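Novice: So I've got this file, start05.txt, and it contains compact mmCIF, C-alpha atoms:
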```
# COMPACT_ATOMS: atom_id res chain seq x y z
CA MET G 1 -58.90 34.68 -59.20
CA ALA G 2 -57.42 32.06 -61.53
CA THR G 3 -57.17 28.48 -60.28
CA ARG G 4 -53.54 27.37 -60.11
CA TRP G 5 -52.94 23.91 -61.66
CA GLY G 6 -50.08 21.43 -61.59
CA ILE G 7 -49.64 18.62 -64.13
CA CYS G 8 -48.35 15.28 -62.83
CA SER G 9 -46.72 13.16 -65.56
CA ALA G 10 -45.53 14.30 -68.96
CA GLY G 11 -46.82 11.21 -70.78
CA LYS G 12 -48.98 11.15 -73.89
CA ILE G 13 -52.33 11.41 -72.11
CA SER G 14 -51.21 14.56 -70.28
CA HIS G 15 -50.39 16.49 -73.44
CA ASP G 16 -53.99 17.36 -74.32
CA LYS G 17 -54.87 18.69 -70.87
CA PRO G 18 -53.63 22.27 -71.36
CA SER G 19 -55.81 22.61 -74.48
CA LEU G 20 -58.79 21.05 -72.68
CA LEU G 21 -58.40 23.49 -69.81
CA GLU G 22 -58.21 26.31 -72.33
CA THR G 23 -61.76 25.54 -73.51
CA THR G 24 -63.03 26.35 -70.00
CA ARG G 25 -61.09 29.57 -69.47
CA TYR G 26 -64.09 31.83 -70.16
CA LEU G 27 -65.94 30.16 -67.28
CA TYR G 28 -63.10 29.13 -64.99
CA PRO G 29 -59.92 31.23 -65.27
CA PHE G 30 -56.81 29.13 -64.68
CA THR G 31 -53.05 29.06 -64.91
CA ILE G 32 -50.75 26.03 -65.10
CA VAL G 33 -48.01 26.66 -62.57
CA ALA G 34 -45.81 23.58 -62.93
CA VAL G 35 -45.38 20.10 -64.39
CA ALA G 36 -43.61 17.09 -62.88
CA ALA G 37 -42.28 13.87 -64.37
CA TRP G 38 -40.03 11.03 -63.25
CA LYS G 39 -37.33 12.47 -65.51
CA LEU G 40 -36.58 16.18 -65.25
CA GLN G 41 -35.82 16.34 -68.98
CA ASP G 42 -39.33 15.08 -69.83
CA ALA G 43 -40.87 17.69 -67.55
CA GLN G 44 -38.72 20.44 -69.06
CA GLU G 45 -39.70 19.46 -72.60
CA TYR G 46 -43.37 19.42 -71.61
CA ALA G 47 -43.05 22.79 -69.90
CA LYS G 48 -41.40 24.31 -72.96
CA LYS G 49 -44.06 22.94 -75.32
CA HIS G 50 -46.97 24.23 -73.21
CA SER G 51 -45.34 27.43 -71.87
CA ILE G 52 -45.35 26.30 -68.23
CA PRO G 53 -42.96 28.25 -65.99
CA GLN G 54 -41.79 25.45 -63.65
CA ALA G 55 -40.65 21.87 -64.27
CA TYR G 56 -39.90 19.29 -61.57
CA GLY G 57 -38.08 15.96 -61.75
CA SER G 58 -40.20 14.32 -59.04
CA TYR G 59 -43.81 14.24 -57.92
CA GLU G 60 -42.78 15.12 -54.37
CA GLU G 61 -41.41 18.47 -55.56
CA LEU G 62 -44.72 19.22 -57.24
CA ALA G 63 -46.58 18.31 -54.04
CA ARG G 64 -44.43 20.76 -52.06
CA ASP G 65 -45.10 23.68 -54.42
CA PRO G 66 -47.20 26.11 -52.33
CA GLU G 67 -48.62 27.85 -55.41
CA ILE G 68 -50.58 24.85 -56.68
CA GLU G 69 -54.23 24.33 -55.76
CA VAL G 70 -55.23 21.47 -58.09
CA VAL G 71 -53.15 18.65 -59.61
CA TYR G 72 -54.06 16.62 -62.69
CA VAL G 73 -52.72 13.05 -62.32
CA GLY G 74 -52.00 11.39 -65.66
CA THR G 75 -49.60 8.63 -64.62
CA ILE G 76 -49.98 4.99 -65.66
CA HIS G 77 -52.89 3.18 -64.00
CA PRO G 78 -51.22 1.50 -60.99
CA TYR G 79 -49.95 4.86 -59.73
CA HIS G 80 -53.20 6.84 -59.95
CA LEU G 81 -54.34 6.37 -56.37
CA PRO G 82 -50.97 6.45 -54.54
CA VAL G 83 -49.86 9.54 -56.46
CA GLY G 84 -53.25 11.17 -55.97
CA MET G 85 -52.98 10.50 -52.23
CA LEU G 86 -49.51 12.09 -52.23
CA PHE G 87 -51.01 15.36 -53.44
CA MET G 88 -54.06 15.22 -51.19
CA LYS G 89 -51.83 14.77 -48.16
CA ALA G 90 -50.04 17.90 -49.36
CA GLN G 91 -53.43 19.71 -49.29
CA LYS G 92 -53.94 19.74 -53.06
CA ASN G 93 -57.18 18.97 -54.84
CA VAL G 94 -56.82 16.19 -57.40
CA LEU G 95 -58.25 15.45 -60.83
CA CYS G 96 -57.32 11.79 -61.40
CA GLU G 97 -57.35 9.84 -64.64
CA ASN G 98 -59.29 6.59 -64.96
CA PRO G 99 -59.19 4.23 -63.22
CA MET G 100 -58.83 5.90 -59.85
CA ALA G 101 -57.83 2.56 -58.26
CA MET G 102 -56.82 -0.93 -59.32
CA ASN G 103 -59.06 -2.97 -57.04
CA LEU G 104 -61.69 -2.85 -54.30
CA ARG G 105 -59.07 -2.89 -51.55
CA GLU G 106 -57.57 0.37 -52.79
CA VAL G 107 -60.98 1.99 -53.11
CA ALA G 108 -61.65 1.22 -49.45
CA LEU G 109 -58.66 3.29 -48.31
CA PRO G 110 -59.67 6.42 -46.38
CA LEU G 111 -59.28 9.68 -48.27
CA PRO G 112 -58.42 13.03 -46.69
CA ARG G 113 -61.53 14.83 -45.52
CA PRO G 114 -63.21 17.82 -47.22
CA PRO G 115 -62.77 20.54 -48.23
CA LEU G 116 -60.22 18.67 -50.39
CA LEU G 117 -61.64 17.12 -53.56
CA MET G 118 -60.48 14.05 -55.48
CA LEU G 119 -62.39 13.82 -58.74
CA GLN G 120 -62.18 11.04 -61.30
CA ALA G 121 -61.66 12.42 -64.81
CA VAL G 122 -64.84 11.09 -66.43
CA TRP G 123 -64.98 13.82 -69.03
CA THR G 124 -68.04 12.39 -70.85
CA ARG G 125 -70.11 13.27 -67.77
CA PHE G 126 -69.66 16.93 -68.69
CA PHE G 127 -70.53 16.67 -72.38
CA PRO G 128 -73.41 19.02 -73.30
CA ALA G 129 -75.53 15.98 -74.23
CA SER G 130 -74.89 14.35 -70.84
CA LEU G 131 -75.72 17.56 -68.99
CA GLU G 132 -78.96 17.93 -70.92
CA ILE G 133 -79.98 14.32 -70.20
CA GLU G 134 -79.23 14.87 -66.51
CA ARG G 135 -81.33 18.04 -66.54
CA LEU G 136 -84.29 16.34 -68.22
CA LEU G 137 -84.17 13.48 -65.74
CA SER G 138 -83.87 15.72 -62.68
CA GLN G 139 -86.84 17.82 -63.78
CA GLY G 140 -89.05 14.82 -64.45
CA GLU G 141 -89.35 15.52 -68.17
CA VAL G 142 -88.50 11.91 -69.03
CA VAL G 143 -90.93 9.09 -68.34
CA GLU G 144 -89.90 6.04 -66.32
CA VAL G 145 -86.62 4.60 -67.64
CA ASN G 146 -86.63 0.81 -67.87
CA ILE G 147 -83.43 0.15 -69.79
CA VAL G 148 -80.23 1.99 -70.64
CA LYS G 149 -77.79 0.91 -73.37
CA ALA G 150 -74.29 2.34 -73.27
CA ASP G 151 -71.49 1.42 -75.71
CA PHE G 152 -67.90 2.56 -75.81
CA GLY G 153 -65.17 0.95 -77.91
CA ALA G 154 -61.75 1.92 -79.19
CA ARG G 155 -58.85 0.29 -81.05
CA LEU G 156 -56.36 -0.07 -78.21
CA MET G 157 -54.77 -3.50 -78.70
CA HIS G 158 -51.50 -1.82 -79.70
CA VAL G 159 -51.36 0.28 -76.50
CA PRO G 160 -49.50 -1.54 -73.66
CA ARG G 161 -51.33 0.16 -70.80
CA ALA G 162 -54.63 -0.93 -72.38
CA VAL G 163 -53.85 -4.66 -72.60
CA GLU G 164 -51.20 -5.54 -70.01
CA LYS G 165 -52.64 -6.84 -66.76
CA GLU G 166 -49.83 -5.38 -64.64
CA LEU G 167 -50.60 -1.91 -66.00
CA GLY G 168 -54.30 -2.17 -65.23
CA GLY G 169 -55.13 -3.02 -68.82
CA GLY G 170 -58.46 -4.26 -70.08
CA ALA G 171 -61.77 -2.61 -70.77
CA LEU G 172 -63.10 -3.28 -67.27
CA LEU G 173 -60.71 -0.88 -65.55
CA ASP G 174 -60.01 1.49 -68.40
CA ILE G 175 -63.04 2.44 -70.49
CA SER G 176 -66.08 0.66 -69.03
CA ILE G 177 -66.30 3.39 -66.35
CA TYR G 178 -67.71 5.72 -69.00
CA CYS G 179 -70.65 3.38 -69.59
CA LEU G 180 -71.11 2.60 -65.91
CA GLN G 181 -71.12 6.23 -64.77
CA PHE G 182 -73.72 7.07 -67.44
CA ILE G 183 -76.00 4.27 -66.25
CA CYS G 184 -75.52 5.37 -62.62
CA MET G 185 -76.38 8.94 -63.60
CA VAL G 186 -79.59 7.88 -65.33
CA TYR G 187 -80.72 5.82 -62.35
CA ASN G 188 -79.49 8.44 -59.87
CA GLY G 189 -77.29 6.03 -57.91
CA GLU G 190 -79.94 3.32 -57.54
CA LYS G 191 -78.33 -0.09 -57.13
CA PRO G 192 -79.05 -2.80 -59.72
CA GLU G 193 -81.15 -5.81 -58.75
CA CYS G 194 -78.70 -8.10 -60.52
CA ILE G 195 -75.54 -7.83 -62.60
CA GLN G 196 -74.68 -10.19 -65.46
CA ILE G 197 -71.32 -9.99 -67.17
CA LEU G 198 -70.19 -11.52 -70.46
CA GLY G 199 -66.50 -11.09 -71.17
CA VAL G 200 -63.67 -12.20 -73.44
CA LEU G 201 -60.11 -12.31 -72.11
CA SER G 202 -57.54 -11.17 -74.64
CA PHE G 203 -54.58 -13.46 -75.28
CA SER G 204 -52.27 -10.80 -73.86
CA TYR G 205 -53.96 -11.42 -70.49
CA TRP G 206 -52.54 -14.95 -70.57
CA GLY G 207 -49.08 -13.81 -71.65
CA TYR G 208 -49.43 -14.08 -75.42
CA PRO G 209 -48.45 -11.04 -77.50
CA THR G 210 -51.46 -11.02 -79.83
CA SER G 211 -55.02 -12.25 -79.93
CA PRO G 212 -56.15 -14.78 -82.58
CA LEU G 213 -59.74 -13.57 -82.21
CA PRO G 214 -61.26 -11.86 -85.26
CA ILE G 215 -62.61 -9.29 -82.82
CA GLY G 216 -59.20 -8.64 -81.33
CA ASP G 217 -60.03 -4.99 -80.74
CA ILE G 218 -62.56 -6.02 -78.10
CA LEU G 219 -61.05 -6.76 -74.68
CA LEU G 220 -64.28 -7.02 -72.80
CA VAL G 221 -67.96 -6.83 -73.57
CA LEU G 222 -69.84 -5.74 -70.50
CA TYR G 223 -73.57 -5.93 -70.06
CA LEU G 224 -75.49 -4.71 -67.08
CA LEU G 225 -78.90 -6.34 -67.05
CA GLY G 226 -81.85 -6.32 -64.71
CA ILE G 227 -81.52 -2.69 -63.62
CA SER G 228 -84.95 -1.37 -62.79
CA SER G 229 -85.96 2.19 -61.99
```
For this file, write the structure as structure tokens.
Specialist:
Amino acid sequence: MATRWGICSAGKISHDKPSLLETTRYLYPFTIVAVAAWKLQDAQEYAKKHSIPQAYGSYEELARDPEIEVVYVGTIHPYHLPVGMLFMKAQKNVLCENPMAMNLREVALPLPRPPLLMLQAVWTRFFPASLEIERLLSQGEVVEVNIVKADFGARLMHVPRAVEKELGGGALLDISIYCLQFICMVYNGEKPECIQILGVLSFSYWGYPTSPLPIGDILLVLYLLGISS
């Protein structure tokens, strides 16, 4: 039986999700039942573009749809957790964009109990290369790992949600999770003995529109050192 999906938010990041789901159809049959946005017109335009039968003008309407089993949450960062919780309380499983939360206090909030699932959308974890590395490690085919180097950078200084503090901007919340989850996978959840961080705050963090730094594309350089296996 096909898994019935709902799409929450008709913003830019949500527009590639139907095509991404399509790549998995041969393994996991699915259908997209509905899409919701703050503005009904945005949801209707999204539904028309992606051939989705139902469009809603509020997230609450999507949560009440009895046909939906899983909801993809692609809102702006500060709304990821509260909107995800809205759907989980409505007995929907949730695939949530990064970051799942804005701070440690939010992460500590109790989530609905299984069998419901709230999964963070760390898509790099499911790359064929990542799966093969995980397999090699789990089967003991790799000798003792003493150091892991993970890099991820992108030109995002022109994207408001990537640089504005109020929107959860900055590399720490947005893209560093891809490096961190890879390191955690390699060390199988083992906690580091120490963490050292070297960072550069962009001028937009302090309220200036642009950064005078020649490396203005870099919001944060994050190093995790002293992790032993």
Novice: Can you tell me which residues surround Glu97 (chain G) at a distance of at most 10 Å, considering all atoms listed in the file, apart from same-chain residues fewer than 5 positions away, and format the answer as a list in words?
Specialist: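 After dropping sequence-adjacent residues, the list is Ile13, Ser14, Tyr72, Val73, Gly74, Thr75, Ile76, His77, His80, Leu81, Gly84, Leu119, Gln120, Ala121, Val122, Trp123 and Asp174 of chain G.
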Novice: Mind pulling up the distance from CA of Ile177 (chain G) to CA of Val107 (chain G)?
Specialist: 14.3 Å
Novice: May I ask for the distance between CA of Ala171 (chain G) and CA of Pro78 (chain G), given in Å to one decimal place?
Specialist: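 Straight-line distance from CA of Ala171 (chain G) to CA of Pro78 (chain G) works out to 15.0 Å.
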Novice: Which value, in Å to one decimal, gives the distance between CA of Gln44 (chain G) and CA of Ala10 (chain G)?
Specialist: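 A separation of 9.2 Å between them.
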Novice: Which polymer residues, protein or nucleic acid, are no farther than 12 Å from (-77.0, 14.8, -66.0), counting all atoms listed in the file, as number ranges by chain?
Specialist: G: 124-139, 181-189
Novice: My list of candidates is G:Leu198, G:Leu109, G:Leu116, G:Cys8. Which is closest to Asn93 (chain G) when distances are computed with only C-alpha atoms?
Specialist: G:Leu116
Novice: Do you know which residues are at most 10 Å from Glu166 (chain G) counting only C-alpha atoms, after dropping those on the same chain fewer than 2 positions away, and could you put them as a list in words?
Specialist: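 The contact residues come out as His77, Pro78, Met102, Pro160, Arg161, Val163, Glu164, Gly168, Gly169 and Tyr205 of chain G.
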Novice: Could you check the closest approach to Asn103 (chain G) for each of G:Ala34, G:Ile195, G:Val159, G:Leu172 and tell me which residue wins, using all atoms listed in the file?
Specialist: G:Leu172
Novice: Would you compute, for all listed atoms of region 2-18 of chain G, the axis-aligned bounding box grown by 6 Å on each side, and then report its centre and edge lengths in Å rounded to one decimal, as AutoDock Vina command-line options?
Specialist:
```
--center_x -51.5 --center_y 21.6 --center_z -67.2 --size_x 23.9 --size_y 32.9 --size_z 26.2
```
Novice: I want to know what sits within 10 Å of Tyr46 (chain G), based on all atoms listed in the file, with residues of the same chain fewer than 5 positions away left out; could you give that as JSON, numbers by chain?
Specialist: {"G": [7, 9, 10, 11, 14, 15, 34, 35, 36, 37, 40, 41, 51, 52, 55]}
Novice: Could you give me region 181-202 of chain G completed to N, CA, C and O atoms, formatted as a CSV table (one decimal), in the coordinates of the input?
Specialist:
```
chain,number,residue,atom,x,y,z
G,181,GLN,N,-70.7,5.0,-65.4
G,181,GLN,CA,-71.1,6.2,-64.8
G,181,GLN,C,-72.4,6.8,-65.4
G,181,GLN,O,-73.2,7.4,-64.8
G,182,PHE,N,-72.5,6.6,-66.8
G,182,PHE,CA,-73.7,7.1,-67.4
G,182,PHE,C,-75.0,6.4,-66.9
G,182,PHE,O,-76.0,7.0,-66.7
G,183,ILE,N,-74.9,5.0,-66.8
G,183,ILE,CA,-76.0,4.3,-66.2
G,183,ILE,C,-76.3,4.7,-64.8
G,183,ILE,O,-77.5,4.9,-64.5
G,184,CYS,N,-75.3,4.9,-64.0
G,184,CYS,CA,-75.5,5.4,-62.6
G,184,CYS,C,-76.2,6.8,-62.6
G,184,CYS,O,-77.0,7.0,-61.7
G,185,MET,N,-75.8,7.6,-63.5
G,185,MET,CA,-76.4,8.9,-63.6
G,185,MET,C,-77.9,8.8,-63.9
G,185,MET,O,-78.7,9.5,-63.3
G,186,VAL,N,-78.2,8.0,-64.9
G,186,VAL,CA,-79.6,7.9,-65.3
G,186,VAL,C,-80.5,7.4,-64.2
G,186,VAL,O,-81.6,7.9,-64.0
G,187,TYR,N,-79.9,6.4,-63.4
G,187,TYR,CA,-80.7,5.8,-62.4
G,187,TYR,C,-80.4,6.5,-61.0
G,187,TYR,O,-80.9,6.0,-60.0
G,188,ASN,N,-79.7,7.6,-61.1
G,188,ASN,CA,-79.5,8.4,-59.9
G,188,ASN,C,-78.9,7.6,-58.7
G,188,ASN,O,-79.4,7.8,-57.5
G,189,GLY,N,-78.0,6.8,-59.0
G,189,GLY,CA,-77.3,6.0,-57.9
G,189,GLY,C,-78.0,4.8,-57.4
G,189,GLY,O,-77.5,4.1,-56.5
G,190,GLU,N,-79.2,4.5,-58.0
G,190,GLU,CA,-79.9,3.3,-57.5
G,190,GLU,C,-79.2,2.1,-57.9
G,190,GLU,O,-78.6,1.9,-59.0
G,191,LYS,N,-79.1,1.1,-56.9
G,191,LYS,CA,-78.3,-0.1,-57.1
G,191,LYS,C,-79.1,-1.1,-58.0
G,191,LYS,O,-80.3,-1.2,-57.9
G,192,PRO,N,-78.4,-1.8,-58.9
G,192,PRO,CA,-79.0,-2.8,-59.7
G,192,PRO,C,-79.6,-4.0,-58.9
G,192,PRO,O,-79.0,-4.3,-57.9
G,193,GLU,N,-80.6,-4.6,-59.4
G,193,GLU,CA,-81.2,-5.8,-58.8
G,193,GLU,C,-80.3,-7.0,-59.0
G,193,GLU,O,-80.1,-7.9,-58.2
G,194,CYS,N,-79.7,-7.0,-60.2
G,194,CYS,CA,-78.7,-8.1,-60.5
G,194,CYS,C,-77.7,-7.6,-61.6
G,194,CYS,O,-78.0,-6.6,-62.3
G,195,ILE,N,-76.6,-8.2,-61.6
G,195,ILE,CA,-75.5,-7.8,-62.6
G,195,ILE,C,-75.1,-9.1,-63.3
G,195,ILE,O,-74.7,-10.1,-62.7
G,196,GLN,N,-75.2,-9.1,-64.7
G,196,GLN,CA,-74.7,-10.2,-65.5
G,196,GLN,C,-73.6,-9.7,-66.4
G,196,GLN,O,-73.7,-8.7,-67.0
G,197,ILE,N,-72.5,-10.4,-66.4
G,197,ILE,CA,-71.3,-10.0,-67.2
G,197,ILE,C,-70.9,-11.1,-68.2
G,197,ILE,O,-70.8,-12.2,-67.8
G,198,LEU,N,-70.7,-10.6,-69.4
G,198,LEU,CA,-70.2,-11.5,-70.5
G,198,LEU,C,-68.9,-10.9,-70.9
G,198,LEU,O,-68.9,-9.8,-71.4
G,199,GLY,N,-67.8,-11.7,-70.8
G,199,GLY,CA,-66.5,-11.1,-71.2
G,199,GLY,C,-65.6,-12.0,-72.0
G,199,GLY,O,-65.9,-13.2,-72.0
G,200,VAL,N,-64.7,-11.5,-72.7
G,200,VAL,CA,-63.7,-12.2,-73.4
G,200,VAL,C,-62.3,-11.7,-73.0
G,200,VAL,O,-62.0,-10.6,-73.1
G,201,LEU,N,-61.5,-12.7,-72.5
G,201,LEU,CA,-60.1,-12.3,-72.1
G,201,LEU,C,-59.2,-12.3,-73.3
G,201,LEU,O,-59.2,-13.2,-74.1
G,202,SER,N,-58.5,-11.2,-73.5
G,202,SER,CA,-57.5,-11.2,-74.6
G,202,SER,C,-56.4,-12.1,-74.4
G,202,SER,O,-56.1,-12.5,-73.2
```
